[in-house]
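What's in upload.txt: compact mmCIF, C-alpha atoms and all ligand atoms
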# COMPACT_ATOMS: atom_id res chain seq x y z
CA MET A 16 144.13 28.69 260.45
CA ILE A 17 141.57 26.58 262.28
CA PHE A 18 140.76 27.11 265.96
CA ARG A 19 138.88 24.40 267.85
CA ALA A 20 137.19 24.95 271.20
CA ARG A 21 134.82 23.05 273.46
CA THR A 22 132.08 25.62 272.78
CA VAL A 23 131.82 28.41 270.20
CA ILE A 24 129.40 31.28 270.89
CA THR A 25 128.64 32.85 267.51
CA ASN A 26 125.87 35.37 268.39
CA ALA A 27 124.08 33.94 265.33
CA GLY A 28 122.26 30.81 266.44
CA ALA A 29 122.85 28.34 269.27
CA PRO A 30 126.36 27.81 270.73
CA ILE A 31 128.29 25.11 268.87
CA GLU A 32 129.63 22.26 271.01
CA ASP A 33 133.04 20.99 269.88
CA GLY A 34 133.15 23.86 267.42
CA ALA A 35 135.77 25.32 265.13
CA VAL A 36 136.44 28.66 263.45
CA VAL A 37 138.50 29.18 260.29
CA ILE A 38 140.39 32.48 260.00
CA ALA A 39 141.74 33.87 256.74
CA GLY A 40 143.60 37.17 257.01
CA ASN A 41 141.65 39.46 259.32
CA ARG A 42 138.27 37.82 258.67
CA ILE A 43 136.31 34.75 259.66
CA LEU A 44 136.07 32.34 256.75
CA ALA A 45 133.89 29.61 258.25
CA VAL A 46 132.44 28.38 261.53
CA GLY A 47 130.77 25.09 262.49
CA ALA A 48 131.17 21.72 264.16
CA PHE A 49 134.83 20.67 264.34
CA SER A 50 134.06 17.39 262.52
CA GLU A 51 132.69 19.29 259.51
CA ILE A 52 135.19 22.15 259.52
CA SER A 53 138.21 19.81 259.76
CA THR A 54 137.13 17.84 256.69
CA ALA A 55 136.17 20.87 254.60
CA HIS A 56 139.17 23.12 255.41
CA GLU A 57 142.92 22.66 255.39
CA GLY A 58 145.46 24.54 257.44
CA GLU A 59 147.19 24.67 260.78
CA MET A 60 144.90 23.62 263.62
CA ILE A 61 145.12 25.13 267.11
CA ASP A 62 143.13 23.37 269.81
CA LEU A 63 141.99 25.81 272.52
CA GLY A 64 140.74 22.87 274.60
CA GLU A 65 138.09 23.23 277.32
CA GLN A 66 137.36 26.85 276.52
CA VAL A 67 134.61 29.03 275.14
CA LEU A 68 135.60 30.81 271.94
CA MET A 69 133.49 33.93 271.41
CA PRO A 70 133.47 37.43 269.89
CA GLY A 71 135.66 39.99 271.69
CA LEU A 72 133.84 42.47 273.94
CA VAL A 73 132.85 45.92 272.66
CA ASN A 74 132.91 48.79 275.17
CA ALA A 75 130.66 51.42 273.59
CA HIS A 76 131.32 54.25 276.07
CA CYS A 77 134.59 54.95 277.83
CA HIS A 78 136.79 57.89 278.87
CA LEU A 79 140.35 56.54 279.02
CA ASP A 80 141.61 60.00 280.05
CA TYR A 81 140.24 59.40 283.55
CA THR A 82 141.78 55.98 284.25
CA MET A 83 143.74 57.50 287.16
CA MET A 84 140.52 58.51 288.94
CA ARG A 85 139.47 55.11 290.32
CA ARG A 86 137.92 55.66 293.79
CA SER A 87 139.02 59.32 293.76
CA ILE A 88 135.51 60.76 293.92
CA ASN A 89 133.09 59.37 296.49
CA PRO A 90 129.45 59.42 295.41
CA GLN A 91 128.31 63.02 295.86
CA ARG A 92 125.05 64.51 297.05
CA SER A 93 124.21 65.58 293.50
CA PHE A 94 125.34 65.09 289.89
CA THR A 95 126.36 68.75 289.78
CA GLU A 96 128.66 68.26 292.78
CA TRP A 97 130.28 65.31 290.99
CA ILE A 98 130.93 67.54 287.95
CA ILE A 99 132.57 70.14 290.21
CA ARG A 100 134.79 67.43 291.76
CA ILE A 101 135.88 65.91 288.44
CA ASN A 102 136.62 69.35 286.98
CA ALA A 103 138.87 70.12 289.98
CA LEU A 104 140.66 66.76 289.55
CA LYS A 105 141.11 67.39 285.81
CA ARG A 106 142.82 70.69 286.53
CA SER A 107 145.35 68.93 288.80
CA LEU A 108 146.56 66.62 285.99
CA ASP A 109 148.93 67.36 283.11
CA LYS A 110 149.46 65.88 279.64
CA ASP A 111 151.81 63.18 280.88
CA ASP A 112 149.24 62.08 283.46
CA TYR A 113 146.61 61.76 280.74
CA ARG A 114 148.98 59.86 278.43
CA ALA A 115 149.77 57.43 281.25
CA ALA A 116 146.05 57.11 282.06
CA ILE A 117 145.18 56.20 278.48
CA ALA A 118 147.91 53.53 278.33
CA LYS A 119 146.80 52.08 281.66
CA GLY A 120 143.17 52.06 280.54
CA PHE A 121 144.01 50.22 277.34
CA ALA A 122 145.90 47.58 279.34
CA GLU A 123 142.87 47.06 281.60
CA LEU A 124 140.43 46.85 278.70
CA LYS A 125 142.61 44.27 276.98
CA GLN A 126 143.10 42.28 280.17
CA TRP A 127 139.32 41.81 280.37
CA GLY A 128 138.73 40.77 276.79
CA THR A 129 137.70 44.07 275.17
CA THR A 130 138.68 44.13 271.50
CA THR A 131 136.88 47.37 270.55
CA VAL A 132 136.39 50.57 272.53
CA ALA A 133 134.55 53.81 271.83
CA ASN A 134 136.76 56.29 273.68
CA ILE A 135 135.74 59.88 274.23
CA GLU A 136 138.88 61.96 274.00
CA SER A 137 138.84 65.27 275.85
CA PHE A 138 142.42 66.04 274.84
CA PRO A 139 142.77 65.21 271.12
CA GLU A 140 146.02 67.20 271.13
CA LEU A 141 147.55 64.12 272.81
CA LEU A 142 146.95 61.93 269.75
CA PRO A 143 149.92 62.94 267.55
CA ASP A 144 152.52 61.46 269.95
CA MET A 145 150.45 58.52 271.04
CA PRO A 146 151.56 54.97 270.17
CA ALA A 147 149.14 52.89 268.07
CA PRO A 148 146.28 51.71 270.29
CA PRO A 149 146.50 48.02 271.23
CA ILE A 150 142.83 47.32 270.42
CA ARG A 151 140.33 48.58 267.84
CA THR A 152 139.61 52.13 269.00
CA TRP A 153 137.13 54.79 268.00
CA TRP A 154 138.39 58.18 269.12
CA PHE A 155 135.48 60.55 269.68
CA PHE A 156 136.63 64.14 269.78
CA GLU A 157 134.87 65.75 272.75
CA MET A 158 133.43 69.21 272.16
CA ILE A 159 132.19 71.69 274.76
CA ASP A 160 131.29 75.28 273.94
CA VAL A 161 130.19 76.70 277.27
CA ARG A 162 133.07 79.13 276.95
CA HIS A 163 132.98 79.31 273.17
CA ARG A 164 135.46 76.58 272.35
CA LEU A 165 133.83 75.70 269.04
CA ALA A 166 135.32 73.04 266.81
CA GLY A 167 135.67 74.42 263.33
CA GLU A 168 135.75 72.38 260.16
CA GLU A 169 139.50 72.95 260.17
CA THR A 170 139.96 71.01 263.42
CA ILE A 171 137.84 68.17 262.09
CA ALA A 172 139.75 68.08 258.82
CA GLY A 173 143.02 68.01 260.81
CA MET A 174 141.85 65.00 262.77
CA LEU A 175 140.86 63.17 259.59
CA ASP A 176 144.30 63.88 258.08
CA PHE A 177 145.80 62.43 261.22
CA PHE A 178 143.98 59.14 260.63
CA GLU A 179 145.02 59.04 257.01
CA LEU A 180 148.62 59.31 258.22
CA HIS A 181 148.12 56.41 260.65
CA PRO A 182 146.72 53.62 258.49
CA GLY A 183 147.94 51.00 261.00
CA TRP A 184 145.50 52.25 263.62
CA LEU A 185 142.48 49.98 263.91
CA GLY A 186 139.20 51.81 264.43
CA GLY A 187 138.32 55.34 263.47
CA PHE A 188 137.32 58.81 264.45
CA GLY A 189 134.04 60.36 265.53
CA LEU A 190 132.62 63.50 267.13
CA SER A 191 131.26 63.95 270.62
CA PRO A 192 129.40 67.08 271.65
CA HIS A 193 129.59 66.41 275.40
CA ALA A 194 125.96 66.83 276.55
CA PRO A 195 123.05 69.22 275.99
CA TYR A 196 124.02 71.19 279.10
CA THR A 197 127.62 71.81 277.90
CA ALA A 198 127.15 71.86 274.11
CA SER A 199 124.96 74.49 272.48
CA GLY A 200 122.23 73.75 269.95
CA THR A 201 124.49 75.33 267.34
CA LEU A 202 127.29 72.91 268.20
CA TYR A 203 124.88 69.97 267.78
CA GLU A 204 123.84 71.40 264.39
CA LEU A 205 127.46 71.75 263.22
CA THR A 206 128.31 68.28 264.48
CA SER A 207 125.32 66.71 262.81
CA ALA A 208 126.15 68.29 259.45
CA ALA A 209 129.90 67.50 259.63
CA ALA A 210 129.28 63.89 260.68
CA GLU A 211 126.86 63.35 257.80
CA LYS A 212 129.25 64.88 255.30
CA MET A 213 132.16 62.78 256.51
CA ALA A 214 130.15 59.61 257.36
CA MET A 215 131.42 59.67 260.95
CA PRO A 216 129.76 58.30 264.08
CA VAL A 217 128.68 60.70 266.82
CA THR A 218 128.28 60.11 270.53
CA THR A 219 126.85 62.35 273.22
CA HIS A 220 125.60 62.07 276.80
CA VAL A 221 121.81 62.57 276.94
CA ALA A 222 119.26 62.60 279.77
CA GLU A 223 121.71 61.19 282.27
CA SER A 224 120.54 62.80 285.52
CA ARG A 225 117.40 64.20 287.09
CA GLU A 226 119.18 67.57 287.29
CA GLU A 227 119.62 67.59 283.49
CA TRP A 228 115.92 66.78 283.14
CA ASP A 229 114.98 69.65 285.46
CA MET A 230 117.26 72.05 283.58
CA PHE A 231 115.69 71.39 280.17
CA ARG A 232 112.16 70.28 280.95
CA HIS A 233 111.43 72.79 283.71
CA GLY A 234 114.15 75.45 283.44
CA ARG A 235 115.21 75.01 287.07
CA GLY A 236 117.53 73.15 289.41
CA GLU A 237 121.11 72.80 290.59
CA LEU A 238 122.69 71.95 287.22
CA LEU A 239 121.00 74.95 285.59
CA GLY A 240 122.31 77.25 288.34
CA PHE A 241 125.83 75.87 287.97
CA MET A 242 125.86 76.17 284.17
CA GLN A 243 124.51 79.72 284.35
CA LYS A 244 127.35 80.62 286.70
CA LEU A 245 129.78 79.28 284.09
CA GLY A 246 128.16 81.56 281.54
CA ARG A 247 126.20 79.08 279.43
CA TRP A 248 123.89 80.89 277.05
CA MET A 249 120.49 79.86 278.36
CA PHE A 250 118.01 80.89 275.72
CA ASP A 251 117.04 77.26 275.29
CA LYS A 252 115.97 76.90 278.91
CA GLN A 253 112.79 78.78 278.05
CA ILE A 254 111.79 76.17 275.51
CA GLU A 255 111.13 73.56 278.19
CA ARG A 256 111.40 70.31 276.37
CA THR A 257 113.02 67.04 277.37
CA PRO A 258 116.81 66.68 277.00
CA LEU A 259 116.30 64.17 274.16
CA ALA A 260 113.79 66.43 272.36
CA HIS A 261 116.27 69.28 272.72
CA VAL A 262 119.06 67.26 271.06
CA ALA A 263 116.68 65.95 268.38
CA ALA A 264 115.67 69.54 267.56
CA HIS A 265 119.31 70.37 266.75
CA ALA A 266 120.63 67.14 265.21
CA ARG A 267 119.54 64.56 262.69
CA LEU A 268 119.64 61.53 264.98
CA GLY A 269 120.15 58.27 263.15
CA PRO A 270 121.97 54.94 263.23
CA LYS A 271 125.42 56.57 263.40
CA TRP A 272 124.54 58.22 266.74
CA LEU A 273 125.33 56.59 270.10
CA LEU A 274 123.36 58.24 272.91
CA ALA A 275 124.90 57.48 276.30
CA HIS A 276 122.77 57.01 279.45
CA MET A 277 119.19 58.03 278.49
CA ASN A 278 117.84 57.46 282.00
CA GLU A 279 115.42 60.40 282.08
CA LEU A 280 112.85 59.98 279.32
CA ASP A 281 109.09 60.39 279.12
CA GLU A 282 106.41 58.93 276.85
CA SER A 283 106.96 61.65 274.24
CA ASP A 284 110.63 60.60 274.04
CA PHE A 285 109.77 56.94 273.44
CA ALA A 286 107.27 58.00 270.75
CA LEU A 287 109.93 60.22 269.14
CA LEU A 288 112.37 57.29 268.97
CA ALA A 289 109.73 54.83 267.74
CA ALA A 290 108.79 57.20 264.90
CA MET A 291 112.37 57.36 263.59
CA PRO A 292 112.98 55.09 260.58
CA GLN A 293 116.45 54.30 261.94
CA PRO A 294 116.72 55.28 265.59
CA PRO A 295 120.08 55.98 267.27
CA SER A 296 121.78 53.40 269.49
CA VAL A 297 121.70 53.82 273.26
CA VAL A 298 124.64 52.98 275.53
CA HIS A 299 123.85 51.88 279.06
CA CYS A 300 126.69 51.98 281.62
CA PRO A 301 125.45 49.78 284.50
CA GLY A 302 128.28 50.49 286.97
CA SER A 303 128.13 54.26 286.49
CA HIS A 304 124.32 54.11 286.68
CA ARG A 305 124.60 52.36 290.06
CA TYR A 306 127.24 54.83 291.30
CA PHE A 307 125.01 57.86 290.61
CA ARG A 308 121.86 56.08 291.87
CA HIS A 309 119.97 57.22 288.78
CA ARG A 310 116.35 56.15 288.31
CA ALA A 311 115.86 52.75 286.62
CA PHE A 312 117.20 52.59 283.07
CA PRO A 313 114.14 52.25 280.75
CA LEU A 314 115.49 49.20 278.94
CA ALA A 315 112.19 47.55 278.00
CA LYS A 316 110.65 50.77 276.66
CA LEU A 317 113.72 51.60 274.59
CA ARG A 318 113.72 48.12 273.11
CA SER A 319 110.02 48.42 272.28
CA ALA A 320 110.85 51.65 270.45
CA GLY A 321 113.27 49.66 268.27
CA VAL A 322 116.48 51.01 269.81
CA ASN A 323 119.74 49.03 269.67
CA ILE A 324 121.09 48.91 273.24
CA CYS A 325 124.75 48.37 273.92
CA LEU A 326 126.96 48.57 277.00
CA GLY A 327 129.87 50.67 278.15
CA THR A 328 131.92 51.15 281.29
CA ASP A 329 131.97 54.98 281.36
CA SER A 330 135.11 56.28 283.14
CA LEU A 331 136.77 55.16 286.35
CA ALA A 332 135.58 58.43 287.89
CA SER A 333 132.15 56.76 288.22
CA THR A 334 132.74 53.00 288.05
CA LEU A 335 135.23 50.63 289.65
CA THR A 336 136.73 48.70 286.73
CA LEU A 337 137.02 48.76 282.94
CA SER A 338 135.87 45.12 282.80
CA MET A 339 132.81 44.52 280.64
CA PHE A 340 132.32 41.28 282.62
CA ASP A 341 131.67 43.42 285.71
CA GLU A 342 129.27 45.61 283.71
CA MET A 343 127.39 42.55 282.44
CA ARG A 344 127.04 41.18 285.98
CA ILE A 345 125.75 44.50 287.33
CA LEU A 346 123.19 44.61 284.51
CA ALA A 347 122.15 41.00 285.24
CA ARG A 348 121.40 42.08 288.82
CA GLN A 349 119.57 45.25 287.70
CA GLU A 350 117.49 43.34 285.15
CA PRO A 351 116.96 39.79 286.44
CA SER A 352 114.53 38.96 283.63
CA LEU A 353 117.16 39.57 280.93
CA HIS A 354 118.64 36.34 279.56
CA PRO A 355 122.46 36.14 279.84
CA GLU A 356 122.58 35.58 276.07
CA GLU A 357 120.97 38.98 275.50
CA ILE A 358 123.32 40.66 277.95
CA LEU A 359 126.30 39.12 276.13
CA LYS A 360 124.96 40.40 272.79
CA MET A 361 124.65 43.89 274.28
CA ALA A 362 128.35 43.69 275.20
CA THR A 363 129.48 42.44 271.78
CA LEU A 364 127.21 42.45 268.73
CA ASN A 365 125.12 45.50 269.65
CA GLY A 366 128.18 47.66 270.28
CA ALA A 367 129.66 46.62 266.94
CA LEU A 368 126.35 47.48 265.24
CA ALA A 369 126.35 50.90 266.88
CA LEU A 370 129.87 51.60 265.59
CA GLY A 371 129.02 50.22 262.15
CA ILE A 372 131.65 47.47 262.17
CA ASP A 373 131.16 43.91 261.01
CA ALA A 374 132.19 42.35 264.33
CA GLY A 375 130.70 41.09 267.58
CA LYS A 376 129.70 37.81 265.93
CA ILE A 377 131.38 34.74 264.50
CA THR A 378 129.96 34.48 261.01
CA PRO A 379 131.69 34.19 257.61
CA GLY A 380 133.07 37.58 256.58
CA ALA A 381 133.05 39.15 260.03
CA LEU A 382 136.22 40.70 261.50
CA ALA A 383 138.33 38.18 263.40
CA ASP A 384 138.18 39.82 266.88
CA LEU A 385 137.86 36.89 269.28
CA ILE A 386 138.52 35.86 272.87
CA ALA A 387 138.67 32.47 274.61
CA LEU A 388 138.03 31.77 278.28
CA PRO A 389 138.02 28.60 280.37
CA LEU A 390 134.70 26.86 280.86
CA THR A 391 134.13 25.04 284.11
CA ALA A 392 132.89 21.51 283.44
CA ASN A 393 129.75 21.66 285.57
CA GLU A 394 128.33 24.88 284.13
CA ARG A 395 124.83 24.30 282.78
CA GLU A 396 124.45 27.31 280.59
CA VAL A 397 127.35 28.72 278.62
CA HIS A 398 126.20 32.37 278.42
CA ALA A 399 125.64 32.50 282.19
CA ALA A 400 129.08 30.91 282.66
CA VAL A 401 130.72 33.62 280.53
CA LEU A 402 129.05 36.36 282.63
CA GLU A 403 130.56 34.77 285.73
CA ASN A 404 134.13 34.99 284.42
CA ARG A 405 136.40 36.64 287.00
CA GLU A 406 139.78 35.74 285.49
CA PRO A 407 141.76 37.93 283.10
CA ILE A 408 141.54 36.83 279.48
CA THR A 409 144.66 34.98 278.37
CA TRP A 410 143.80 34.38 274.70
CA MET A 411 142.70 37.15 272.36
CA MET A 412 142.67 37.57 268.59
CA LEU A 413 142.48 41.05 267.11
CA ASN A 414 142.00 41.61 263.39
CA GLY A 415 143.16 38.03 262.71
CA GLU A 416 146.28 38.23 264.86
CA ILE A 417 146.77 36.48 268.18
CA LEU A 418 147.77 39.05 270.83
CA SER A 419 150.07 38.23 273.68
CA GLN A 420 148.66 39.24 277.07
ZN ZN A 501 130.58 59.39 279.70

In structure tokens, write the structure found in this file.
Ligand SMILES: [Zn+2]
Amino acid sequence: MIFRARTVITNAGAPIEDGAVVIAGNRILAVGAFSEISTAHEGEMIDLGEQVLMPGLVNAHCHLDYTMMRRSINPQRSFTEWIIRINALKRSLDKDDYRAAIAKGFAELKQWGTTTVANIESFPELLPDMPAPPIRTWWFFEMIDVRHRLAGEETIAGMLDFFELHPGWLGGFGLSPHAPYTASGTLYELTSAAAEKMAMPVTTHVAESREEWDMFRHGRGELLGFMQKLGRWMFDKQIERTPLAHVAAHARLGPKWLLAHMNELDESDFALLAAMPQPPSVVHCPGSHRYFRHRAFPLAKLRSAGVNICLGTDSLASTLTLSMFDEMRILARQEPSLHPEEILKMATLNGALALGIDAGKITPGALADLIALPLTANEREVHAAVLENREPITWMMLNGEILSQ
């Protein structure tokens, strides 16, 4: 099948005016000017008209479990107080609430053009009765061992069996030790080894707040006090290193790792990342960052260290929507010197790279995950126009199939 559109954004070279994309099965076969594509390829032609055809959006950090929490927690005095509030809310919800939240979250992601999501799942026991996800989904099994809830190899093997039994599910499975303050060094070590053995991606929250920095770097502060009250084994507080150095001491960080947030870093952290032959990816969540009023995200320094930076929404407990268009606009305001084309790549190609999938671009061989959106005639610059989109996406292709919205 051939799809023509006024402009095609490929993420590999300049946008193509009056462009066309050829799809064969679930892959892109060819892309180019419509005049060339239509003479070189046969097949049904669908004209998308005055629209931009582009790769679907990739949300690299999301917690669908908390979709019911929009506007339920006002910004708190401290990060620790926010944790106390969300934990109380979590206790008031049951399995049916979480199932409904996940379905609602998927609908919102799809409505705003997201074709792939990295979802951190706090309740993997919900998966067996869950319907197939409507978009490509990576389920990251969240692990916390403050109270000794350690994931054994058996649990991990069970999850892998589950995916073998569900071959129709697009995406995959990964591991997610929650954060250095809730996951022990031992848990990071086990995760690192299991993920390498099973070639799985790993995601974790690192260096998100100043309180986390104070807990690890200085062995003090509100988060430390709170975690000690919960009974966290605090031998590591005496080591006094940065949160990133702490994680790096217990895990073999590499390209299959997605580190969320990374707001609190020092020069030694940038040097550590720059020295890695293949550094991990970093996920920035602009809306959540704004909500918590964290210090400026060190985007330029991370890029200089060779880090792949992608974008995520985080959960609705700390941002207002699951629209990656909103996230891109917030980032554009936070980083006015960033070109809209780079922001769009962070929301597509870079997320796909982090998850190790051949997507986020329109090139021969890539997965056919695409969206189309109307282009207003007077828009000068197509990438900036895409960032300004405020309408739900009405045309989406996932794995070569057109989805109804
Ligand atoms: Zn998160």

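Each of A:Lys125, A:His276, A:Arg151, A:His56 was compared to ligand ZN 501 (chain A) using only C-alpha atoms and all ligand atoms, and A:His276 turns out to be the nearest.
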
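The space between atom CA of Val262 of chain A and atom CA of Ala289 of chain A spans 15.9 Å.
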
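Among the candidates A:Glu157, A:Asp373, A:Glu96, A:Glu204, the residue lying nearest to Gly240 of chain A is A:Glu96 (atoms considered: only C-alpha atoms).
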
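The smallest atom-to-atom distance between Gly236 of chain A and any of A:Phe94, A:Phe121, A:Phe156, A:Phe312, using only C-alpha atoms, is found for A:Phe94.
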
Do a neighbour search on segment 62-79 of chain A at 6 Å with only C-alpha atoms, toss out local chain neighbours closer than 4 positions, and write the hits as a ChimeraX atom specification. /A:18-24,117,120,128-135,326-330,362-363,366,375-376,384-390

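Closest to ligand ZN 501 (chain A) among A:Ile324, A:Ile17, A:Ala332, A:Ala122 is A:Ala332, based on only C-alpha atoms and all ligand atoms.
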
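Atom CA of Val397 of chain A is positioned 14.1 Å from atom CA of Phe340 of chain A.
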
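For the atom pair formed by atom CA of Ile101 of chain A and atom CA of Asp281 of chain A, the distance is 28.9 Å, given to one decimal.
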
For segment 326-404 of chain A, write C-alpha atoms out as an mmCIF file, in the first residue's frame.
data_model
loop_
_atom_site.group_PDB
_atom_site.id
_atom_site.type_symbol
_atom_site.label_atom_id
_atom_site.label_comp_id
_atom_site.auth_asym_id
_atom_site.auth_seq_id
_atom_site.Cartn_x
_atom_site.Cartn_y
_atom_site.Cartn_z
ATOM 1 C CA LEU A 326 10.859 11.914 26.535
ATOM 2 C CA GLY A 327 8.109 10.512 28.704
ATOM 3 C CA THR A 328 4.976 11.744 30.415
ATOM 4 C CA ASP A 329 5.494 10.091 33.826
ATOM 5 C CA SER A 330 2.143 9.419 35.555
ATOM 6 C CA LEU A 331 -0.933 11.600 35.919
ATOM 7 C CA ALA A 332 -0.059 11.889 39.608
ATOM 8 C CA SER A 333 2.556 14.472 38.557
ATOM 9 C CA THR A 334 1.526 15.730 35.113
ATOM 10 C CA LEU A 335 -1.752 16.845 33.559
ATOM 11 C CA THR A 336 -2.066 14.759 30.393
ATOM 12 C CA LEU A 337 -0.634 11.697 28.670
ATOM 13 C CA SER A 338 -0.119 13.734 25.481
ATOM 14 C CA MET A 339 3.446 13.764 24.193
ATOM 15 C CA PHE A 340 2.491 16.945 22.276
ATOM 16 C CA ASP A 341 2.017 18.672 25.644
ATOM 17 C CA GLU A 342 5.366 17.292 26.841
ATOM 18 C CA MET A 343 7.118 18.544 23.694
ATOM 19 C CA ARG A 344 5.628 22.020 24.146
ATOM 20 C CA ILE A 345 6.681 22.193 27.810
ATOM 21 C CA LEU A 346 10.211 21.179 26.801
ATOM 22 C CA ALA A 347 10.240 23.813 24.031
ATOM 23 C CA ARG A 348 9.479 26.433 26.697
ATOM 24 C CA GLN A 349 12.081 25.028 29.116
ATOM 25 C CA GLU A 350 14.757 24.880 26.417
ATOM 26 C CA PRO A 351 14.091 27.686 23.919
ATOM 27 C CA SER A 352 17.357 27.031 22.067
ATOM 28 C CA LEU A 353 16.335 23.466 21.156
ATOM 29 C CA HIS A 354 15.144 23.158 17.556
ATOM 30 C CA PRO A 355 11.623 21.678 17.216
ATOM 31 C CA GLU A 356 13.102 18.978 14.967
ATOM 32 C CA GLU A 357 15.312 17.793 17.836
ATOM 33 C CA ILE A 358 12.407 17.827 20.262
ATOM 34 C CA LEU A 359 10.353 15.731 17.837
ATOM 35 C CA LYS A 360 13.224 13.227 17.531
ATOM 36 C CA MET A 361 13.381 12.968 21.326
ATOM 37 C CA ALA A 362 9.669 12.042 21.283
ATOM 38 C CA THR A 363 10.010 9.447 18.519
ATOM 39 C CA LEU A 364 13.373 8.156 17.291
ATOM 40 C CA ASN A 365 15.283 8.488 20.571
ATOM 41 C CA GLY A 366 12.636 6.598 22.535
ATOM 42 C CA ALA A 367 12.660 3.808 19.956
ATOM 43 C CA LEU A 368 16.469 3.660 20.181
ATOM 44 C CA ALA A 369 16.273 3.412 23.963
ATOM 45 C CA LEU A 370 13.852 0.470 23.718
ATOM 46 C CA GLY A 371 15.921 -1.163 20.974
ATOM 47 C CA ILE A 372 13.165 -1.155 18.354
ATOM 48 C CA ASP A 373 13.560 -0.243 14.703
ATOM 49 C CA ALA A 374 10.928 2.511 14.783
ATOM 50 C CA GLY A 375 10.591 6.254 15.285
ATOM 51 C CA LYS A 376 11.699 6.898 11.700
ATOM 52 C CA ILE A 377 10.374 6.377 8.197
ATOM 53 C CA THR A 378 13.143 4.477 6.466
ATOM 54 C CA PRO A 379 13.090 1.196 4.512
ATOM 55 C CA GLY A 380 12.866 -1.739 6.921
ATOM 56 C CA ALA A 381 11.582 0.222 9.905
ATOM 57 C CA LEU A 382 8.379 -0.812 11.708
ATOM 58 C CA ALA A 383 5.272 0.777 10.195
ATOM 59 C CA ASP A 384 4.111 2.790 13.261
ATOM 60 C CA LEU A 385 2.870 6.075 11.805
ATOM 61 C CA ILE A 386 0.531 8.971 12.506
ATOM 62 C CA ALA A 387 -0.913 11.734 10.301
ATOM 63 C CA LEU A 388 -2.088 15.156 11.428
ATOM 64 C CA PRO A 389 -3.512 18.160 9.600
ATOM 65 C CA LEU A 390 -1.074 20.856 8.543
ATOM 66 C CA THR A 391 -2.304 24.422 8.477
ATOM 67 C CA ALA A 392 -1.461 26.044 5.145
ATOM 68 C CA ASN A 393 0.383 29.071 6.501
ATOM 69 C CA GLU A 394 2.777 27.201 8.794
ATOM 70 C CA ARG A 395 6.373 28.058 7.931
ATOM 71 C CA GLU A 396 8.155 25.223 9.610
ATOM 72 C CA VAL A 397 6.699 21.737 9.720
ATOM 73 C CA HIS A 398 8.370 20.513 12.941
ATOM 74 C CA ALA A 399 7.197 23.609 14.837
ATOM 75 C CA ALA A 400 3.713 23.063 13.380
ATOM 76 C CA VAL A 401 3.639 19.471 14.671
ATOM 77 C CA LEU A 402 4.600 20.645 18.184
ATOM 78 C CA GLU A 403 1.640 23.026 18.101
ATOM 79 C CA ASN A 404 -0.890 20.262 17.411
#
